[in-house]
Structure formats: structure tokens, C-alpha cells
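J.: Contents of start_33.txt (compact mmCIF, C-alpha atoms and all ligand atoms) are given next:
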# COMPACT_ATOMS: atom_id res chain seq x y z
CA MET A 1 -21.01 -7.46 15.17
CA ALA A 2 -24.15 -8.02 17.25
CA GLY A 3 -26.56 -5.04 17.26
CA PRO A 4 -25.83 -1.44 16.45
CA ILE A 5 -22.99 0.44 18.09
CA GLN A 6 -24.37 2.67 20.81
CA ALA A 7 -22.44 5.88 20.53
CA LEU A 8 -22.52 8.83 22.86
CA VAL A 9 -21.54 11.96 20.99
CA ALA A 10 -19.74 14.79 22.73
CA VAL A 11 -19.49 18.00 20.72
CA ASP A 12 -17.08 20.83 21.22
CA GLY A 13 -17.69 23.95 19.16
CA GLY A 14 -20.61 25.04 17.04
CA ILE A 15 -21.48 21.81 15.22
CA ASP A 16 -25.15 20.93 15.67
CA GLY A 17 -26.75 17.57 16.28
CA GLN A 18 -28.39 17.34 12.85
CA THR A 19 -25.03 17.76 11.12
CA ILE A 20 -23.59 14.91 13.16
CA GLN A 21 -26.56 12.65 12.45
CA ALA A 22 -26.00 13.31 8.73
CA LEU A 23 -22.37 12.21 9.05
CA LEU A 24 -23.39 8.68 10.02
CA PRO A 25 -24.95 6.06 7.71
CA ASP A 26 -28.71 5.59 7.96
CA ASP A 27 -28.54 1.76 7.90
CA GLY A 28 -28.82 1.41 11.68
CA ALA A 29 -25.18 0.33 12.17
CA VAL A 30 -24.64 3.15 14.64
CA GLU A 31 -27.20 4.27 17.18
CA ILE A 32 -26.66 7.63 18.80
CA VAL A 33 -27.69 7.35 22.44
CA GLY A 34 -27.18 11.05 23.01
CA ILE A 35 -25.79 14.15 21.36
CA ILE A 36 -24.63 16.61 23.90
CA THR A 37 -23.13 19.95 23.14
CA GLY A 38 -20.81 21.38 25.76
CA LEU A 39 -18.26 19.01 27.20
CA GLU A 40 -19.12 19.60 30.87
CA GLU A 41 -22.64 18.34 30.25
CA SER A 42 -21.29 15.34 28.28
CA TRP A 43 -19.09 14.51 31.20
CA ARG A 44 -22.11 14.10 33.48
CA THR A 45 -23.94 12.00 30.86
CA LEU A 46 -20.85 9.90 30.39
CA GLN A 47 -20.95 8.89 34.02
CA GLU A 48 -24.66 8.07 33.85
CA THR A 49 -24.83 6.10 30.54
CA VAL A 50 -22.96 3.04 29.28
CA PRO A 51 -22.33 3.63 25.58
CA ASP A 52 -20.23 1.23 23.46
CA LEU A 53 -18.21 4.14 22.26
CA LEU A 54 -17.56 7.79 22.78
CA LEU A 55 -17.52 9.96 19.66
CA VAL A 56 -15.89 13.33 20.20
CA VAL A 57 -16.57 15.97 17.54
CA CYS A 58 -14.53 19.15 17.42
CA GLU A 59 -13.48 21.96 15.12
CA GLY A 60 -9.72 21.72 14.69
CA TYR A 61 -7.38 21.97 17.66
CA SER A 62 -9.23 21.83 20.96
CA ASP A 63 -7.55 21.62 24.35
CA ARG A 64 -10.96 21.06 25.90
CA ALA A 65 -11.53 18.03 23.69
CA LEU A 66 -8.08 16.65 24.57
CA PHE A 67 -8.71 17.08 28.28
CA PHE A 68 -12.15 15.47 27.93
CA ILE A 69 -10.75 12.44 26.05
CA ASP A 70 -7.99 12.05 28.61
CA SER A 71 -10.46 12.08 31.51
CA ALA A 72 -12.94 9.78 29.75
CA VAL A 73 -10.22 7.23 28.99
CA LYS A 74 -8.98 7.36 32.59
CA GLN A 75 -12.52 6.92 33.86
CA GLN A 76 -13.19 3.88 31.66
CA PRO A 77 -10.16 2.60 29.75
CA ASP A 78 -12.18 -0.14 27.97
CA ARG A 79 -14.53 2.28 26.26
CA PRO A 80 -13.21 3.24 22.82
CA VAL A 81 -12.98 6.90 21.79
CA VAL A 82 -13.07 8.12 18.20
CA VAL A 83 -12.56 11.76 17.25
CA LEU A 84 -14.10 13.58 14.28
CA THR A 85 -12.55 16.94 13.52
CA THR A 86 -13.16 19.52 10.84
CA GLY A 87 -9.41 20.09 10.57
CA SER A 88 -6.28 18.54 12.01
CA PRO A 89 -3.71 21.28 12.58
CA ASN A 90 -0.11 20.41 13.34
CA GLY A 91 0.31 18.21 16.35
CA PHE A 92 -3.40 17.66 17.02
CA VAL A 93 -3.51 14.11 15.64
CA ARG A 94 -0.55 13.12 17.80
CA ARG A 95 -2.08 14.75 20.89
CA VAL A 96 -5.38 12.98 20.27
CA PHE A 97 -3.66 9.60 20.22
CA GLU A 98 -1.56 10.53 23.26
CA SER A 99 -4.73 11.36 25.17
CA GLY A 100 -5.86 7.76 24.60
CA ALA A 101 -8.25 7.98 21.62
CA ASP A 102 -8.46 5.02 19.26
CA ASP A 103 -8.83 6.87 16.00
CA ILE A 104 -9.26 10.31 14.47
CA LEU A 105 -10.97 11.17 11.19
CA THR A 106 -10.88 14.49 9.42
CA LEU A 107 -14.16 15.71 7.94
CA PRO A 108 -15.53 15.62 5.32
CA GLU A 109 -15.56 11.84 5.36
CA LEU A 110 -17.99 9.29 3.91
CA PRO A 111 -20.62 7.99 6.41
CA GLU A 112 -19.62 4.39 5.77
CA ARG A 113 -15.96 5.17 6.52
CA ILE A 114 -16.93 6.83 9.78
CA ALA A 115 -19.13 3.86 10.70
CA PHE A 116 -16.31 1.52 9.82
CA ALA A 117 -13.85 3.42 12.05
CA LEU A 118 -16.33 3.15 14.91
CA GLU A 119 -16.87 -0.58 14.36
CA LYS A 120 -13.13 -1.12 14.19
CA ALA A 121 -12.53 0.73 17.45
CA VAL A 122 -15.24 -1.26 19.25
CA ALA A 123 -14.09 -4.58 17.78
CA ARG A 124 -10.52 -3.92 18.78
CA ARG A 125 -11.50 -3.24 22.37
CA ARG A 126 -13.56 -6.41 22.39
CA GLY A 127 -10.52 -8.29 21.18
CA ALA A 128 -12.36 -9.37 18.04
CA ALA A 129 -9.99 -7.88 15.55
CA VAL A 130 -6.71 -9.22 16.73
CA ALA A 131 -4.99 -10.22 13.53
CA SER A 132 -2.11 -12.43 14.43
CA GLY A 133 -0.43 -15.17 12.46
CA ILE A 134 -1.79 -13.89 9.14
CA ALA A 135 0.14 -15.41 6.25
CA LEU A 136 1.76 -12.65 4.27
CA ALA A 137 1.73 -12.80 0.48
CA PRO A 138 4.86 -12.54 -1.64
CA MET A 139 5.82 -8.98 -2.49
CA ILE A 140 7.86 -8.45 -5.64
CA CYS A 141 9.79 -5.20 -5.85
CA VAL A 142 10.56 -4.20 -9.45
CA LEU A 143 13.90 -2.40 -9.55
CA GLY A 144 16.13 -0.83 -12.17
CA PRO A 145 18.90 1.44 -10.99
CA LYS A 146 18.64 3.57 -14.13
CA GLY A 147 15.64 5.55 -15.41
CA GLY A 148 13.69 4.34 -18.41
CA THR A 149 14.81 0.69 -18.37
CA GLY A 150 11.25 -0.63 -18.40
CA LYS A 151 10.36 -0.96 -14.69
CA THR A 152 6.85 0.38 -15.15
CA LEU A 153 6.37 -1.75 -18.25
CA VAL A 154 7.42 -4.86 -16.32
CA SER A 155 5.48 -4.12 -13.14
CA THR A 156 2.21 -3.33 -14.91
CA ASN A 157 2.35 -6.32 -17.26
CA LEU A 158 3.50 -8.72 -14.53
CA ALA A 159 0.76 -7.53 -12.18
CA VAL A 160 -1.95 -7.71 -14.85
CA SER A 161 -0.75 -11.22 -15.89
CA LEU A 162 -1.07 -12.42 -12.29
CA ALA A 163 -4.50 -10.82 -11.93
CA LEU A 164 -5.72 -12.33 -15.23
CA ALA A 165 -4.55 -15.74 -13.98
CA GLY A 166 -7.05 -15.34 -11.13
CA HIS A 167 -4.72 -14.28 -8.33
CA ARG A 168 -5.67 -11.46 -5.99
CA THR A 169 -2.96 -9.03 -6.99
CA ALA A 170 -2.11 -5.48 -5.96
CA LEU A 171 0.23 -3.01 -7.61
CA ILE A 172 1.78 -0.12 -5.69
CA ASP A 173 3.23 2.85 -7.58
CA LEU A 174 6.19 3.89 -5.46
CA ASP A 175 7.46 6.39 -8.01
CA LEU A 176 6.00 9.03 -5.73
CA GLN A 177 7.02 12.05 -7.79
CA PHE A 178 6.55 10.90 -11.36
CA GLY A 179 4.52 7.72 -11.09
CA ASP A 180 2.80 6.82 -14.33
CA ILE A 181 1.03 3.56 -13.59
CA GLY A 182 -2.32 5.32 -13.82
CA LEU A 183 -1.51 6.31 -17.41
CA ALA A 184 -0.04 2.93 -18.32
CA LEU A 185 -3.20 1.17 -17.12
CA GLY A 186 -5.70 3.82 -18.22
CA LEU A 187 -6.89 4.51 -14.65
CA ARG A 188 -8.29 7.79 -13.40
CA PRO A 189 -6.42 9.01 -10.30
CA ASP A 190 -9.56 9.55 -8.21
CA LYS A 191 -7.71 8.30 -5.12
CA THR A 192 -3.97 8.07 -4.61
CA ILE A 193 -1.52 7.19 -1.86
CA TYR A 194 -1.41 10.92 -1.09
CA ASP A 195 -5.10 10.86 -0.09
CA LEU A 196 -4.35 7.85 2.08
CA ALA A 197 -1.47 9.72 3.75
CA GLN A 198 -3.72 12.74 4.32
CA SER A 199 -6.51 10.72 5.89
CA GLY A 200 -4.67 10.31 9.22
CA GLY A 201 -5.59 7.70 11.82
CA SER A 202 -4.51 4.09 11.89
CA LEU A 203 -4.19 1.93 8.80
CA ASP A 204 -5.70 -1.48 8.28
CA GLU A 205 -6.80 -3.56 5.33
CA ASP A 206 -10.30 -2.14 5.05
CA LYS A 207 -9.07 1.41 5.13
CA LEU A 208 -6.37 0.67 2.57
CA ALA A 209 -8.93 -1.02 0.30
CA ALA A 210 -10.86 2.25 0.13
CA TYR A 211 -7.89 3.91 -1.58
CA LEU A 212 -7.30 1.24 -4.23
CA ILE A 213 -8.48 1.57 -7.81
CA GLU A 214 -9.59 -1.55 -9.62
CA HIS A 215 -8.32 -2.30 -13.11
CA SER A 216 -10.49 -4.26 -15.57
CA SER A 217 -8.22 -7.30 -15.01
CA GLY A 218 -9.18 -7.32 -11.32
CA LEU A 219 -5.82 -5.86 -10.32
CA GLN A 220 -6.02 -3.48 -7.35
CA VAL A 221 -3.82 -0.41 -7.76
CA LEU A 222 -2.51 2.09 -5.23
CA LEU A 223 -1.61 5.06 -7.40
CA ALA A 224 1.21 7.55 -6.86
CA PRO A 225 0.36 11.18 -5.98
CA THR A 226 -0.78 13.23 -8.96
CA ARG A 227 1.70 16.06 -8.24
CA PRO A 228 5.42 15.79 -7.33
CA ASP A 229 5.03 18.18 -4.35
CA GLN A 230 2.62 15.70 -2.72
CA ALA A 231 5.29 12.99 -2.52
CA SER A 232 6.74 14.22 0.78
CA ALA A 233 3.41 13.50 2.55
CA VAL A 234 4.08 9.78 2.07
CA THR A 235 6.38 8.66 4.87
CA VAL A 236 8.40 5.48 5.14
CA ASP A 237 6.39 4.61 8.29
CA LEU A 238 3.16 4.77 6.31
CA LEU A 239 4.69 2.66 3.53
CA ARG A 240 5.66 -0.07 5.99
CA ASP A 241 2.06 -0.27 7.17
CA VAL A 242 0.82 -0.22 3.58
CA PHE A 243 3.10 -3.11 2.59
CA THR A 244 2.00 -5.26 5.54
CA ALA A 245 -1.70 -4.54 5.05
CA MET A 246 -1.45 -5.14 1.32
CA ARG A 247 0.40 -8.42 1.84
CA SER A 248 -2.23 -9.67 4.23
CA MET A 249 -5.09 -9.02 1.81
CA CYS A 250 -3.66 -10.27 -1.51
CA ASP A 251 -1.98 -13.26 -3.11
CA TYR A 252 0.72 -11.13 -4.75
CA VAL A 253 1.91 -7.56 -4.26
CA ILE A 254 3.97 -5.88 -7.00
CA VAL A 255 5.80 -2.61 -6.35
CA ASP A 256 6.95 -0.31 -9.14
CA THR A 257 9.85 1.94 -8.10
CA PRO A 258 11.64 5.09 -9.26
CA PRO A 259 15.28 4.82 -10.34
CA GLY A 260 17.83 4.55 -7.54
CA PHE A 261 17.87 3.35 -3.94
CA THR A 262 15.80 6.10 -2.33
CA PRO A 263 14.55 5.63 1.27
CA GLU A 264 11.13 4.48 0.08
CA VAL A 265 12.71 2.02 -2.36
CA ILE A 266 14.87 0.62 0.44
CA SER A 267 11.81 0.24 2.65
CA ALA A 268 10.09 -1.65 -0.18
CA ILE A 269 13.11 -3.90 -0.69
CA ASP A 270 13.13 -4.60 3.05
CA ALA A 271 9.47 -5.60 3.01
CA SER A 272 9.73 -7.65 -0.19
CA THR A 273 10.15 -11.36 -0.58
CA ASP A 274 11.50 -10.99 -4.10
CA VAL A 275 13.19 -8.48 -6.34
CA CYS A 276 12.76 -8.27 -10.08
CA MET A 277 15.71 -6.39 -11.54
CA VAL A 278 15.12 -4.86 -14.96
CA GLY A 279 18.13 -4.12 -17.17
CA MET A 280 18.56 -3.16 -20.80
CA LEU A 281 20.95 -4.27 -23.46
CA ASP A 282 23.44 -1.44 -23.43
CA SER A 283 26.72 -1.25 -21.60
CA LEU A 284 25.69 1.57 -19.23
CA SER A 285 22.52 -0.19 -18.19
CA LEU A 286 24.35 -3.48 -17.73
CA LYS A 287 26.95 -1.80 -15.54
CA ASN A 288 24.20 -0.27 -13.40
CA THR A 289 22.35 -3.56 -13.25
CA LYS A 290 25.49 -5.27 -11.97
CA LEU A 291 25.94 -2.50 -9.37
CA GLY A 292 22.32 -2.88 -8.35
CA LEU A 293 22.70 -6.63 -7.91
CA GLU A 294 25.82 -6.10 -5.83
CA THR A 295 24.00 -3.58 -3.66
CA LEU A 296 21.20 -6.08 -3.07
CA GLU A 297 23.74 -8.68 -2.06
CA LEU A 298 25.31 -6.21 0.38
CA MET A 299 21.83 -5.67 1.79
CA GLY A 300 21.63 -9.39 2.49
CA TYR A 301 19.42 -10.41 -0.42
CA GLU A 302 19.98 -13.95 -1.62
CA GLN A 303 20.47 -14.52 -5.35
CA GLY A 304 17.60 -17.00 -5.43
CA HIS A 305 15.17 -14.21 -4.64
CA ILE A 306 16.26 -11.98 -7.49
CA ALA A 307 14.83 -12.39 -10.98
CA LEU A 308 16.79 -10.70 -13.72
CA VAL A 309 14.74 -9.35 -16.63
CA LEU A 310 16.49 -8.14 -19.74
CA ASN A 311 14.35 -5.61 -21.60
CA ARG A 312 14.76 -4.73 -25.28
CA ALA A 313 16.71 -7.94 -25.37
CA ASP A 314 16.78 -8.26 -29.15
CA THR A 315 18.28 -4.86 -29.83
CA ARG A 316 21.09 -5.22 -32.32
CA VAL A 317 23.75 -3.25 -30.50
CA GLY A 318 26.60 -5.71 -30.72
CA ILE A 319 26.06 -7.16 -27.24
CA THR A 320 25.17 -10.84 -27.15
CA HIS A 321 23.35 -12.65 -24.37
CA GLU A 322 26.62 -14.38 -23.57
CA ASP A 323 28.25 -10.96 -23.10
CA VAL A 324 25.46 -10.11 -20.66
CA GLU A 325 26.24 -13.20 -18.64
CA VAL A 326 29.91 -12.30 -18.52
CA VAL A 327 29.28 -8.67 -17.46
CA ILE A 328 26.58 -9.38 -14.90
CA GLY A 329 27.80 -12.74 -13.77
CA ARG A 330 24.51 -14.55 -14.34
CA ALA A 331 22.01 -15.24 -17.09
CA PRO A 332 18.75 -13.28 -17.20
CA GLU A 333 15.65 -15.35 -16.51
CA VAL A 334 13.36 -13.49 -18.88
CA PHE A 335 14.02 -11.64 -22.14
CA ILE A 336 11.59 -8.98 -23.33
CA PRO A 337 11.97 -8.00 -26.97
CA SER A 338 11.70 -4.49 -28.32
CA ASP A 339 8.24 -4.15 -29.74
CA ARG A 340 6.78 -1.08 -31.41
CA ASP A 341 3.36 -2.03 -30.04
CA ILE A 342 4.69 -1.45 -26.50
CA PRO A 343 4.86 2.37 -26.67
CA ILE A 344 1.48 2.30 -28.44
CA SER A 345 0.00 0.14 -25.66
CA VAL A 346 1.45 2.50 -23.02
CA ASN A 347 -0.09 5.49 -24.81
CA ASP A 348 -3.44 3.70 -25.05
CA GLY A 349 -3.33 2.74 -21.38
CA VAL A 350 -3.78 -0.94 -22.28
CA PRO A 351 -0.94 -3.25 -21.19
CA ILE A 352 0.55 -5.41 -23.93
CA VAL A 353 -0.54 -8.63 -22.14
CA ILE A 354 -4.12 -7.53 -22.84
CA LYS A 355 -3.62 -5.68 -26.12
CA ASP A 356 -1.85 -8.54 -27.84
CA GLU A 357 -1.64 -11.52 -25.55
CA ARG A 358 0.06 -13.68 -28.17
CA SER A 359 2.90 -11.26 -28.90
CA GLU A 360 6.40 -12.31 -27.95
CA ALA A 361 6.54 -9.53 -25.33
CA ALA A 362 3.25 -10.63 -23.74
CA ARG A 363 4.48 -14.21 -23.59
CA ALA A 364 7.66 -13.05 -21.86
CA PHE A 365 5.57 -11.35 -19.16
CA GLN A 366 3.37 -14.42 -18.76
CA GLN A 367 6.54 -16.48 -18.36
CA LEU A 368 7.72 -14.06 -15.67
CA ALA A 369 4.36 -14.36 -13.88
CA GLU A 370 4.56 -18.16 -14.05
CA ARG A 371 7.93 -18.00 -12.37
CA TYR A 372 6.13 -16.60 -9.31
CA THR A 373 3.04 -18.78 -9.49
CA GLU A 374 4.95 -22.05 -9.85
CA ILE A 375 5.38 -22.17 -6.10
CA GLY A 376 2.20 -20.30 -5.16
CA PRO A 377 1.39 -17.95 -2.31
CA GLU A 378 0.42 -20.62 0.26
CA GLU A 379 3.75 -22.37 -0.03
CA THR A 380 5.46 -19.00 0.13
CA ALA A 381 3.61 -18.07 3.27
CA LYS A 382 4.70 -21.30 4.90
CA GLU A 383 8.30 -20.75 3.97
CA PHE A 384 8.08 -17.24 5.29
CA GLU A 385 7.70 -18.64 8.77
CA LEU A 386 11.15 -20.22 8.56
CA GLU A 387 13.91 -18.55 10.50
CA PRO A 388 16.37 -16.69 8.27
CA GLU A 389 19.94 -17.89 7.97
CA PRO A 390 22.24 -16.05 10.37
CA GLY A 391 23.18 -12.69 8.85
CA LYS A 392 20.43 -12.91 6.22
CA ARG A 393 17.16 -11.05 6.18
CA ARG A 394 13.87 -12.69 6.84
CA PHE A 395 12.97 -13.00 3.20
CA ALA A 396 10.67 -15.62 2.05
CA TRP A 397 10.75 -18.04 -0.65
CA ARG A 398 12.84 -20.23 -2.85
CA SER A 399 16.38 -20.67 -1.83
N1 LIG B 401 10.62 -3.59 -24.84
C1 LIG B 401 10.22 -2.36 -25.23
N2 LIG B 401 9.87 -2.12 -26.50
C2 LIG B 401 9.47 -0.91 -26.88
N3 LIG B 401 9.36 0.14 -26.06
C3 LIG B 401 9.68 -0.02 -24.78
C4 LIG B 401 10.14 -1.28 -24.28
N4 LIG B 401 10.40 -1.16 -22.97
C5 LIG B 401 10.11 0.12 -22.63
N5 LIG B 401 9.70 0.80 -23.71
C6 LIG B 401 9.28 2.20 -23.71
O1 LIG B 401 10.23 2.94 -23.00
C7 LIG B 401 9.60 3.88 -22.16
C8 LIG B 401 10.13 3.74 -20.74
O2 LIG B 401 9.65 2.52 -20.16
P1 LIG B 401 9.17 2.50 -18.64
O3 LIG B 401 8.31 3.67 -18.36
O4 LIG B 401 8.61 1.16 -18.38
O5 LIG B 401 10.57 2.67 -17.94
P2 LIG B 401 10.84 2.96 -16.38
O6 LIG B 401 12.04 2.15 -16.04
O7 LIG B 401 9.63 2.73 -15.61
O8 LIG B 401 11.19 4.50 -16.42
P3 LIG B 401 11.33 5.49 -15.15
O9 LIG B 401 12.65 5.17 -14.53
O10 LIG B 401 11.29 6.84 -15.76
O11 LIG B 401 10.18 5.19 -14.26
C9 LIG B 401 8.11 3.64 -22.23
O12 LIG B 401 7.51 4.68 -22.93
C10 LIG B 401 7.95 2.34 -22.99
O13 LIG B 401 6.91 2.43 -23.89
MG MG B 402 8.61 4.00 -14.26
Translate this structure into C-alpha cells?
Ligand SMILES: Nc1ncnc2c1ncn2[C@@H]1O[C@H](COP(=O)(O)OP(=O)(O)OP(=O)(O)O)[C@@H](O)[C@H]1O
Ligand SMILES: [Mg+2]
T.:
Amino acid sequence: MAGPIQALVAVDGGIDGQTIQALLPDDGAVEIVGIITGLEESWRTLQETVPDLLLVVCEGYSDRALFFIDSAVKQQPDRPVVVLTTGSPNGFVRRVFESGADDILTLPELPERIAFALEKAVARRRGAAVASGIALAPMICVLGPKGGTGKTLVSTNLAVSLALAGHRTALIDLDLQFGDIGLALGLRPDKTIYDLAQSGGSLDEDKLAAYLIEHSSGLQVLLAPTRPDQASAVTVDLLRDVFTAMRSMCDYVIVDTPPGFTPEVISAIDASTDVCMVGMLDSLSLKNTKLGLETLELMGYEQGHIALVLNRADTRVGITHEDVEVVIGRAPEVFIPSDRDIPISVNDGVPIVIKDERSEAARAFQQLAERYTEIGPEETAKEFELEPEPGKRRFAWRS
């Protein structure tokens, strides 16, 4: 963007000018052309100056601020408005957007994030940030209708394999109540999807990137909330935005899920190009796997988009691979053996594809990753533009 953003700051409440100056970065990206306390006075200044942007600062719910934003937007609809508030009580965020503001941030917030929100609002008004026609990356949803079948094992090792192969890969932990990807990958939950949900405002790639944690393999991870009671803050609407943003910034997106077809799992299936179904070699798990596959078919998923992974595939329980084919109606693509190093690798927070890359289990995960890289994201993106068959969803690749 050419030159600093010239921001006029309008303050409601007892926040002083110095505090506001300290909220912004000192790299010259934002130039404050005036800090005026008292909205009546700001109103006069607003008519006399031509700032790039209006920054409204308030302390929680403020009818005066809402009225001011509404009038300012009516007076000059092209001028973006961003709101900083020390708290966002119920309904305030919605009212702020209704009054015509572009974004709202709740303090405390990092100076660079505030500057970024301002730049984004200005760029959007200038038409510079219109992101249309972006090719969306494949998104692979790892499913297993029953608990403990190895979904987290598969999603972490698949995602790390793709990242190690040099692909920009993201992993989303959608097990919102009991997600354990952080433990499985040895990551500290400094930021989680709960913090993203709490941040308010609109979501785009740069904002999402600030909530990702990088694994040593290069994998970018969006962690699940650290406490089960935080799960309800993550709405399906937010998830839809997260999936789209993630798919526009990566080569591959992997989603780990909780057992069952919960609303968030269904939203992930809807947004996915591929499903990876994980089953185990016992009759209950096979029955559930078959039911899961049937459910996907009812949802309009084509068989070609579903990879079947059989975990603990060498367990001597009297069920042969042929039996599996008869029960499920198709052969699994990938077999993952039982390996005593797997629980150890989970406990150490080092995925087996890193801990022992030549083990049979690691090779199975690499084989699974190759299944997705054979075609490659560019080809996938192209195919994604194709119209879906009548009655089928707009899924992407390989038919
Ligand atoms: N092939 C295997 N060999 C040895 N241990 C395994 C294997 N697969 C999974 N496990 C162990 O079983 C446990 C459950 O695996 P995992 O957490 O991946 O299952 P899940 O399907 O994600 O479970 P949940 O439904 O609870 O999320 C883990 O502790 C893992 O170490
Ligand atoms: Mg799991």
C-alpha cells in the first residue's frame, strides 16, 4: 500500500490519546491525523478532514459510538470504519457491523494485528483485496465413526508426511472437546481455534495465519480448544470461513474429527474434496465403517473420493483382508500395522513418520500421502471448477 494510512481517531469514554498511540505499531504504517475525545467534536473534524479511515475507540457497549459510526458511514460511505473496544458485550459486535463498520477488534490486541485490520479495511474499500477465482486446495477429512480407531494417528502422520514432502499443509483439529493433536505433535496450545472464535470481526487468511502453530515439519496447525466448555464458542459459520481461508492459503488441508457425524463434522465433510475413512480390524469397527461409508454415499459423496484406511491391519483376530472386503464391499487402500512404537511416539509427541521413517507404519502413511500427491493440488484446483454431476455435490477431484 502506498504511504501510511491516515487515520482519524474518535474516542468515546475515558481512554486517552497516549494509550491509543501505544496500541498502534511505531513503524509508520499508520499515521494518526487527529485524536479527538468526545464524539461531537470528532464529528466536526470529520467534516473538515479527509482521513483514509475512521478509527472509533470505545469502552464496551456505546450507543453514542453506534450512532456516530452510522452517521459517519452515511456521510461518506467510501471511508472505512474500524472499531476498537475494551469489551464486546452481547449484541455489540452485531450492532457495530449493522451500523456500517468494516471491522471490530477487542482490546488487548497486538499493534501489528490492529494495523493489519486497518490496512485490510482500507484495501477492501479501494477494491485492492478482492479475492475472486482463487484456486482452493484439496481438503481431506479424516473420519471414523467409532472412537479410538486411529483418526488422530492418521491425520497427524498424513499431514506431517505431506509437509515433509514440501507441500504447504495445514491440519485442523475439529475434535473440539477432546482434541489431542497438540499432544500428538508436541505443540504448546498458545493459540487455539477458541481464541480465533473469541477474536470477533471478519476472517481472512492473514488473520487465520495468526492463530496457527507451526510444527517442526513446516505443518501449520489450528489446535482445538484446551477445555471442553470452550467448544461451543466455535460455530459452524466460523468453521466454513476457516475451511475456505485455509484452502486458499495451502496446498493441502487435513481435518481430524471426533467420532460420529456431529454438525461440525458434517460441515467439514461438506467443505472437503476427499474423505479418509479409518476403520479397524474388528467386527464392530467394520460394521461402523460400512455404516459410515453408506452415510457418505447418502450425502452424495462419490466412492472415488473416499480412501479407506485399515488400522491395526495385522491384528490376529481371525478376520482376513478378504473378509474385510466382503463386509465393507471394497478393499482398503492402505493398511497400517499395529506397532508398539506408535503409542510411544504419541506419548513423546513425535509422529511415527518422523520417529522411525522406515517403519512399516511410517511407510503406510507415506503411501497414503502419495495417493493425494499423485495428482497434485494444481490439477485438483482445475478439476474443482468442473460442474458437479446432477444430484452430486461440488466435490473436487478424481472420479
Ligand atoms: N496401529 C496402531 N498401533 C499401535 N497403537 C495404535 C495404533 N493405532 C492407534 N493406536 C493407539 O490407539 C490410541 C487411539 O488412537 P487415536 O487417538 O489415533 O484414535 P482416534 O480415532 O483419534 O480416537 P478418538 O475417537 O478418541 O479421537 C492412541 O493412543 C494410539 O497410540
Ligand atoms: Mg482423535
J.: Could I get the residues of region 90-192 of chain A with an atom no further than 12 Å from an atom of region 236-243 of chain A, each paired with its nearest atom pair and that distance in Å to one decimal, using only C-alpha atoms, sorted by chain and residue number, as CSV?
T.:
residue,atom,partner,partner_atom,distance
A:Leu136,CA,A:Phe243,CA,9.8
A:Ala137,CA,A:Phe243,CA,10.0
A:Pro138,CA,A:Phe243,CA,10.5
A:Met139,CA,A:Phe243,CA,8.2
A:Ile140,CA,A:Phe243,CA,10.9
A:Cys141,CA,A:Phe243,CA,11.0
A:Ala170,CA,A:Phe243,CA,10.3
A:Leu171,CA,A:Phe243,CA,10.6
A:Ile172,CA,A:Phe243,CA,8.9
A:Asp173,CA,A:Leu239,CA,11.2
A:Leu174,CA,A:Leu239,CA,9.2
A:Leu176,CA,A:Leu239,CA,11.3
J.: Rank A:Leu143, A:Ile181, A:Ala268, A:Ala101 by their smallest atom-to-atom distance to Pro225 (chain A), using all atoms listed in the file, and report the top residue only.
T.: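 Closest residue, counting all atoms listed in the file: A:Ile181.
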J.: Measuring between all atoms listed in the file, which one of A:Ala163, A:Ile269, A:Tyr194, A:Leu281 shows the shortest distance to Val353 (chain A)?
T.: A:Ala163
J.: Collect all residues with atoms no farther than 7 Å from ligand LIG 401 (chain B), counting all atoms listed in the file, and output them as an MDAnalysis selection string.
T.: chainID A and resid 144 146:154 175 179 257:259 311:312 336:343 346
J.: Tell me, in Å to one decimal, how far CA of Val11 (chain A) is from CA of Ile35 (chain A).
T.: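 Taking CA of Val11 (chain A) and CA of Ile35 (chain A), their separation equals 7.4 Å.
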J.: Suppose you want the space between CA of Ile306 (chain A) and CA of Lys290 (chain A); what is it in Å?
T.: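 Atom-to-atom, CA of Ile306 (chain A) to CA of Lys290 (chain A), that is 12.3 Å.
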J.: For a quick check of understanding, using only C-alpha atoms and all ligand atoms, which of A:Leu219, A:Ala224, A:Leu107, A:Val57 has the smallest distance to ligand MG 402 (chain B)?
T.: A:Ala224
J.: Which neighbours of Val33 (chain A) fall inside 9 Å, counting all atoms listed in the file, when residues of the same chain fewer than 6 positions from it are skipped, and could you give them as a list of chain:residue names?
T.: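 In the requested format, the answer is A:Gln6, A:Ala7, A:Leu8, A:Val9, A:Thr49, A:Pro51.
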J.: Hey, could you patch up region 21-25 of chain A with all heavy atoms and hand it over as a short mmCIF file (atom, residue, chain, number, x, y, z; two decimals), keeping the file's coordinate frame?
T.:
data_model
loop_
_atom_site.label_atom_id
_atom_site.label_comp_id
_atom_site.auth_asym_id
_atom_site.auth_seq_id
_atom_site.Cartn_x
_atom_site.Cartn_y
_atom_site.Cartn_z
N GLN A 21 -25.71 13.76 12.88
CA GLN A 21 -26.56 12.65 12.45
C GLN A 21 -26.34 12.38 10.96
O GLN A 21 -26.26 11.23 10.54
CB GLN A 21 -28.03 13.03 12.70
CG GLN A 21 -29.01 11.86 12.58
CD GLN A 21 -29.02 10.98 13.82
OE1 GLN A 21 -29.32 11.44 14.91
NE2 GLN A 21 -28.68 9.71 13.65
N ALA A 22 -26.18 13.46 10.18
CA ALA A 22 -26.00 13.31 8.73
C ALA A 22 -24.64 12.71 8.38
O ALA A 22 -24.44 12.22 7.28
CB ALA A 22 -26.16 14.66 8.05
N LEU A 23 -23.70 12.76 9.32
CA LEU A 23 -22.37 12.21 9.05
C LEU A 23 -22.37 10.68 9.10
O LEU A 23 -21.48 10.03 8.57
CB LEU A 23 -21.36 12.71 10.10
CG LEU A 23 -21.02 14.19 10.10
CD1 LEU A 23 -20.15 14.53 11.28
CD2 LEU A 23 -20.30 14.52 8.80
N LEU A 24 -23.37 10.13 9.80
CA LEU A 24 -23.39 8.68 10.02
C LEU A 24 -24.32 8.00 9.00
O LEU A 24 -25.27 8.62 8.52
CB LEU A 24 -23.86 8.38 11.44
CG LEU A 24 -22.96 8.97 12.52
CD1 LEU A 24 -23.62 8.87 13.89
CD2 LEU A 24 -21.60 8.28 12.54
N PRO A 25 -24.08 6.74 8.68
CA PRO A 25 -24.95 6.06 7.71
C PRO A 25 -26.34 5.83 8.30
O PRO A 25 -26.48 5.76 9.53
CB PRO A 25 -24.22 4.72 7.48
CG PRO A 25 -23.34 4.53 8.64
CD PRO A 25 -23.02 5.87 9.20
#
